[in-house]
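Chemist: Data: target.cif, mmCIF, C-alpha atoms.
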```cif
data_start
#
loop_
_atom_site.label_atom_id
_atom_site.label_comp_id
_atom_site.auth_asym_id
_atom_site.auth_seq_id
_atom_site.Cartn_x
_atom_site.Cartn_y
_atom_site.Cartn_z
CA MET X 1 18.66 4.50 -15.56
CA THR X 2 18.90 0.88 -16.61
CA ASP X 3 19.26 -0.29 -13.00
CA SER X 4 15.72 -0.59 -11.67
CA SER X 5 16.75 0.79 -8.28
CA SER X 6 18.60 3.86 -9.59
CA TRP X 7 15.40 5.86 -10.08
CA GLN X 8 14.43 5.01 -6.51
CA VAL X 9 17.72 6.43 -5.24
CA VAL X 10 17.18 9.64 -7.21
CA LEU X 11 13.60 9.95 -5.91
CA ALA X 12 14.65 9.34 -2.31
CA HIS X 13 17.38 11.96 -2.64
CA LEU X 14 14.94 14.53 -4.03
CA LEU X 15 12.37 13.98 -1.30
CA THR X 16 14.86 13.95 1.58
CA GLN X 17 17.48 16.50 0.50
CA GLN X 18 15.29 19.17 -1.08
CA ARG X 19 13.08 21.08 1.35
CA ILE X 20 11.03 23.35 -0.91
CA ALA X 21 8.64 22.60 -3.73
CA SER X 22 6.69 24.48 -6.36
CA LEU X 23 2.96 24.18 -5.74
CA ALA X 24 0.61 24.77 -8.69
CA THR X 25 -3.02 25.55 -7.89
CA LEU X 26 -5.92 27.05 -9.83
CA ASP X 27 -7.44 30.38 -8.85
CA GLU X 28 -11.16 31.15 -8.84
CA GLN X 29 -11.10 31.88 -12.61
CA GLY X 30 -9.24 28.63 -13.33
CA HIS X 31 -5.93 30.38 -14.00
CA PRO X 32 -2.75 28.58 -12.90
CA PHE X 33 -0.93 29.96 -9.86
CA ILE X 34 2.50 28.77 -8.73
CA SER X 35 4.00 29.32 -5.30
CA THR X 36 6.89 27.91 -3.32
CA VAL X 37 6.24 25.89 -0.17
CA PRO X 38 8.34 23.95 2.32
CA PHE X 39 7.29 20.28 2.38
CA ALA X 40 7.81 17.09 4.34
CA VAL X 41 7.06 13.48 3.45
CA CYS X 42 4.91 11.41 5.80
CA LYS X 43 5.66 7.76 5.06
CA GLN X 44 2.94 6.66 7.50
CA THR X 45 0.16 8.31 5.48
CA HIS X 46 1.90 8.26 2.06
CA THR X 47 1.47 12.01 1.73
CA LEU X 48 3.43 15.18 1.22
CA LEU X 49 2.77 17.70 3.98
CA ILE X 50 2.63 21.46 3.72
CA HIS X 51 1.88 23.96 6.50
CA ILE X 52 0.31 27.05 4.99
CA SER X 53 -1.31 30.29 6.09
CA ALA X 54 -5.00 30.92 5.46
CA LEU X 55 -3.92 34.31 4.10
CA ALA X 56 -1.95 32.73 1.25
CA ALA X 57 -3.56 32.56 -2.18
CA HIS X 58 -2.63 28.90 -2.61
CA THR X 59 -4.51 28.02 0.61
CA GLN X 60 -7.67 29.65 -0.67
CA HIS X 61 -7.25 27.92 -4.02
CA LEU X 62 -6.84 24.49 -2.38
CA GLN X 63 -9.90 25.06 -0.20
CA ALA X 64 -11.98 25.82 -3.30
CA ARG X 65 -10.38 23.17 -5.54
CA PRO X 66 -8.38 20.50 -3.72
CA LEU X 67 -6.53 19.36 -6.85
CA ALA X 68 -3.00 20.60 -7.47
CA SER X 69 0.44 19.72 -8.75
CA ILE X 70 3.66 19.90 -6.81
CA GLY X 71 7.21 19.69 -8.12
CA VAL X 72 10.60 19.23 -6.49
CA CYS X 73 13.89 19.87 -8.29
CA THR X 74 17.52 19.52 -7.29
CA ALA X 75 19.36 22.78 -6.82
CA GLU X 76 21.14 24.26 -9.81
CA ARG X 77 24.94 23.98 -9.67
CA ALA X 78 27.19 26.54 -11.34
CA GLY X 79 28.66 25.29 -14.59
CA GLU X 80 26.41 22.23 -14.84
CA PRO X 81 23.63 21.83 -17.44
CA VAL X 82 20.19 22.64 -16.09
CA HIS X 83 18.55 20.12 -18.44
CA ASP X 84 20.22 17.37 -16.41
CA LEU X 85 18.68 18.34 -13.06
CA ALA X 86 16.71 15.59 -11.34
CA ARG X 87 13.09 16.50 -10.64
CA VAL X 88 9.78 14.96 -9.73
CA SER X 89 6.24 16.23 -10.20
CA TYR X 90 3.00 14.94 -8.77
CA GLN X 91 -0.69 15.44 -9.28
CA VAL X 92 -2.16 15.57 -5.79
CA GLN X 93 -5.42 15.66 -3.87
CA ALA X 94 -5.28 18.09 -0.92
CA ARG X 95 -6.84 17.39 2.48
CA PHE X 96 -6.83 19.97 5.27
CA LEU X 97 -6.09 18.08 8.48
CA SER X 98 -8.10 18.82 11.59
CA LYS X 99 -6.34 18.84 14.97
CA SER X 100 -8.85 16.18 16.06
CA SER X 101 -7.88 13.91 13.15
CA PRO X 102 -5.82 10.80 13.97
CA GLU X 103 -3.43 11.93 11.22
CA TRP X 104 -2.72 15.28 12.86
CA GLU X 105 -0.19 14.25 15.50
CA PRO X 106 2.04 12.06 13.30
CA ALA X 107 1.86 14.59 10.46
CA GLN X 108 2.72 17.50 12.75
CA SER X 109 5.60 15.50 14.22
CA VAL X 110 7.03 14.71 10.77
CA TYR X 111 6.75 18.35 9.71
CA ILE X 112 8.37 19.70 12.88
CA GLN X 113 11.15 17.12 12.65
CA ARG X 114 11.97 18.44 9.18
CA PHE X 115 11.48 22.13 10.09
CA PRO X 116 12.15 22.52 13.83
CA ASP X 117 12.66 26.26 13.43
CA MET X 118 9.07 26.58 12.18
CA ALA X 119 7.38 24.70 15.05
CA PHE X 120 6.08 27.98 16.49
CA LEU X 121 3.80 28.39 13.45
CA PHE X 122 1.63 25.56 14.79
CA ASP X 123 0.53 28.00 17.51
CA PHE X 124 -0.88 30.37 14.88
CA LYS X 125 -4.61 29.86 14.34
CA ASP X 126 -4.48 30.83 10.66
CA PHE X 127 -2.03 28.07 9.66
CA ASN X 128 -3.27 24.81 8.15
CA LEU X 129 -1.54 21.47 7.94
CA VAL X 130 -2.40 20.01 4.54
CA ALA X 131 -1.80 16.44 3.39
CA LEU X 132 -1.19 16.12 -0.34
CA SER X 133 -1.99 12.61 -1.58
CA PRO X 134 -0.22 11.87 -4.87
CA THR X 135 -2.40 10.33 -7.56
CA GLN X 136 0.27 10.36 -10.30
CA GLY X 137 3.97 11.06 -10.40
CA ARG X 138 6.65 11.64 -13.01
CA LEU X 139 10.36 11.52 -12.28
CA VAL X 140 13.12 12.93 -14.45
CA ALA X 141 16.32 11.41 -13.06
CA GLY X 142 18.47 13.32 -15.56
CA PHE X 143 18.53 14.27 -19.23
CA GLY X 144 16.57 11.66 -21.20
CA GLN X 145 15.70 9.68 -18.05
CA ALA X 146 12.00 10.32 -17.51
CA ARG X 147 9.51 7.80 -16.17
CA HIS X 148 6.04 7.61 -14.71
CA LEU X 149 6.23 6.37 -11.14
CA PRO X 150 4.52 3.11 -10.17
CA GLN X 151 1.34 3.77 -8.19
CA ASN X 152 2.63 1.84 -5.18
CA GLN X 153 5.94 3.74 -5.12
CA LEU X 154 4.95 7.34 -5.73
CA LEU X 155 6.89 8.54 -2.68
CA GLY X 156 9.60 5.89 -2.88
#
```
Would you put the structure from the file into structure tokens?

Modeler:
Amino acid sequence: MTDSSSWQVVLAHLLTQQRIASLATLDEQGHPFISTVPFAVCKQTHTLLIHISALAAHTQHLQARPLASIGVCTAERAGEPVHDLARVSYQVQARFLSKSSPEWEPAQSVYIQRFPDMAFLFDFKDFNLVALSPTQGRLVAGFGQARHLPQNQLLG
């Protein structure tokens, strides 16, 4: 990763080609809880977007404590070392978007563009569109290629 742009290529690939992430929240006792969520990136608001049910434990955790971590990893390939997989993790601040918010429409559009088959979920009253604002990020572009992401380029 000597080329300064190579990490940016890896990050862009992770955020555009991978569609699911691991979301780590804290439950009411402060115990860690990990779940898997589909995500989209909203360049306009510099956030990761998730659309989650009020019935899900991670939703309740984020409502009580809006701090979380989210990680994205390339898919494992048969016969290739797993230690070499590119991955990125973020510490994030969660904000539940209101339909009256100016962010709602562009965020919803970005999410539906990425997941058109899930557009119908926006008609469900118990689903929430949540913007995750990264505060820190760490990219592992491959074995021995870890770096903290610059604050102004957390999402590429």

Chemist: Tell me which residues the PyMOL selection byres ((chain X and resi 10) around 12) grabs here, as a ChimeraX atom specification.

Modeler: /X:1,3-9,11-18,72-74,85-88,139-142,145-147,155-156

Chemist: Store the residues picked out above, limited to C-alpha atoms, as a PDB file, in the coordinates of the input.

Modeler:
```
ATOM      1  CA  MET X   1      18.660   4.500 -15.560  1.00  0.00           C
ATOM      2  CA  ASP X   3      19.260  -0.290 -13.000  1.00  0.00           C
ATOM      3  CA  SER X   4      15.720  -0.590 -11.670  1.00  0.00           C
ATOM      4  CA  SER X   5      16.750   0.790  -8.280  1.00  0.00           C
ATOM      5  CA  SER X   6      18.600   3.860  -9.590  1.00  0.00           C
ATOM      6  CA  TRP X   7      15.400   5.860 -10.080  1.00  0.00           C
ATOM      7  CA  GLN X   8      14.430   5.010  -6.510  1.00  0.00           C
ATOM      8  CA  VAL X   9      17.720   6.430  -5.240  1.00  0.00           C
ATOM      9  CA  LEU X  11      13.600   9.950  -5.910  1.00  0.00           C
ATOM     10  CA  ALA X  12      14.650   9.340  -2.310  1.00  0.00           C
ATOM     11  CA  HIS X  13      17.380  11.960  -2.640  1.00  0.00           C
ATOM     12  CA  LEU X  14      14.940  14.530  -4.030  1.00  0.00           C
ATOM     13  CA  LEU X  15      12.370  13.980  -1.300  1.00  0.00           C
ATOM     14  CA  THR X  16      14.860  13.950   1.580  1.00  0.00           C
ATOM     15  CA  GLN X  17      17.480  16.500   0.500  1.00  0.00           C
ATOM     16  CA  GLN X  18      15.290  19.170  -1.080  1.00  0.00           C
ATOM     17  CA  VAL X  72      10.600  19.230  -6.490  1.00  0.00           C
ATOM     18  CA  CYS X  73      13.890  19.870  -8.290  1.00  0.00           C
ATOM     19  CA  THR X  74      17.520  19.520  -7.290  1.00  0.00           C
ATOM     20  CA  LEU X  85      18.680  18.340 -13.060  1.00  0.00           C
ATOM     21  CA  ALA X  86      16.710  15.590 -11.340  1.00  0.00           C
ATOM     22  CA  ARG X  87      13.090  16.500 -10.640  1.00  0.00           C
ATOM     23  CA  VAL X  88       9.780  14.960  -9.730  1.00  0.00           C
ATOM     24  CA  LEU X 139      10.360  11.520 -12.280  1.00  0.00           C
ATOM     25  CA  VAL X 140      13.120  12.930 -14.450  1.00  0.00           C
ATOM     26  CA  ALA X 141      16.320  11.410 -13.060  1.00  0.00           C
ATOM     27  CA  GLY X 142      18.470  13.320 -15.560  1.00  0.00           C
ATOM     28  CA  GLN X 145      15.700   9.680 -18.050  1.00  0.00           C
ATOM     29  CA  ALA X 146      12.000  10.320 -17.510  1.00  0.00           C
ATOM     30  CA  ARG X 147       9.510   7.800 -16.170  1.00  0.00           C
ATOM     31  CA  LEU X 155       6.890   8.540  -2.680  1.00  0.00           C
ATOM     32  CA  GLY X 156       9.600   5.890  -2.880  1.00  0.00           C
TER      33      GLY X 156
END
```

Chemist: Can you turn the PyMOL selection byres ((chain X and resi 70) around 10) into a concrete residue list for this file, as number ranges by chain?

Modeler: X: 21-25, 34-37, 39, 48, 68-69, 71-72, 88-92, 132, 134, 137

Chemist: List as number ranges by chain: which residues have an atom within 10 Å of (4.0, 18.1, 11.9), counting all atoms listed in the file?

Modeler: X: 40, 42, 49-51, 103-116, 118-119, 122, 129-130

Chemist: For CA of His46 in chain X and CA of Ser133 in chain X, determine how far apart the two atoms are, in Å to one decimal place.

Modeler: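 CA of Ser133 in chain X lies at a distance of 6.9 Å from CA of His46 in chain X.
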
Chemist: Can you tell me how far CA of Ala57 in chain X sits from CA of Asp27 in chain X, in Å to one decimal?

Modeler: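 Between these atoms lies a distance of 8.0 Å.
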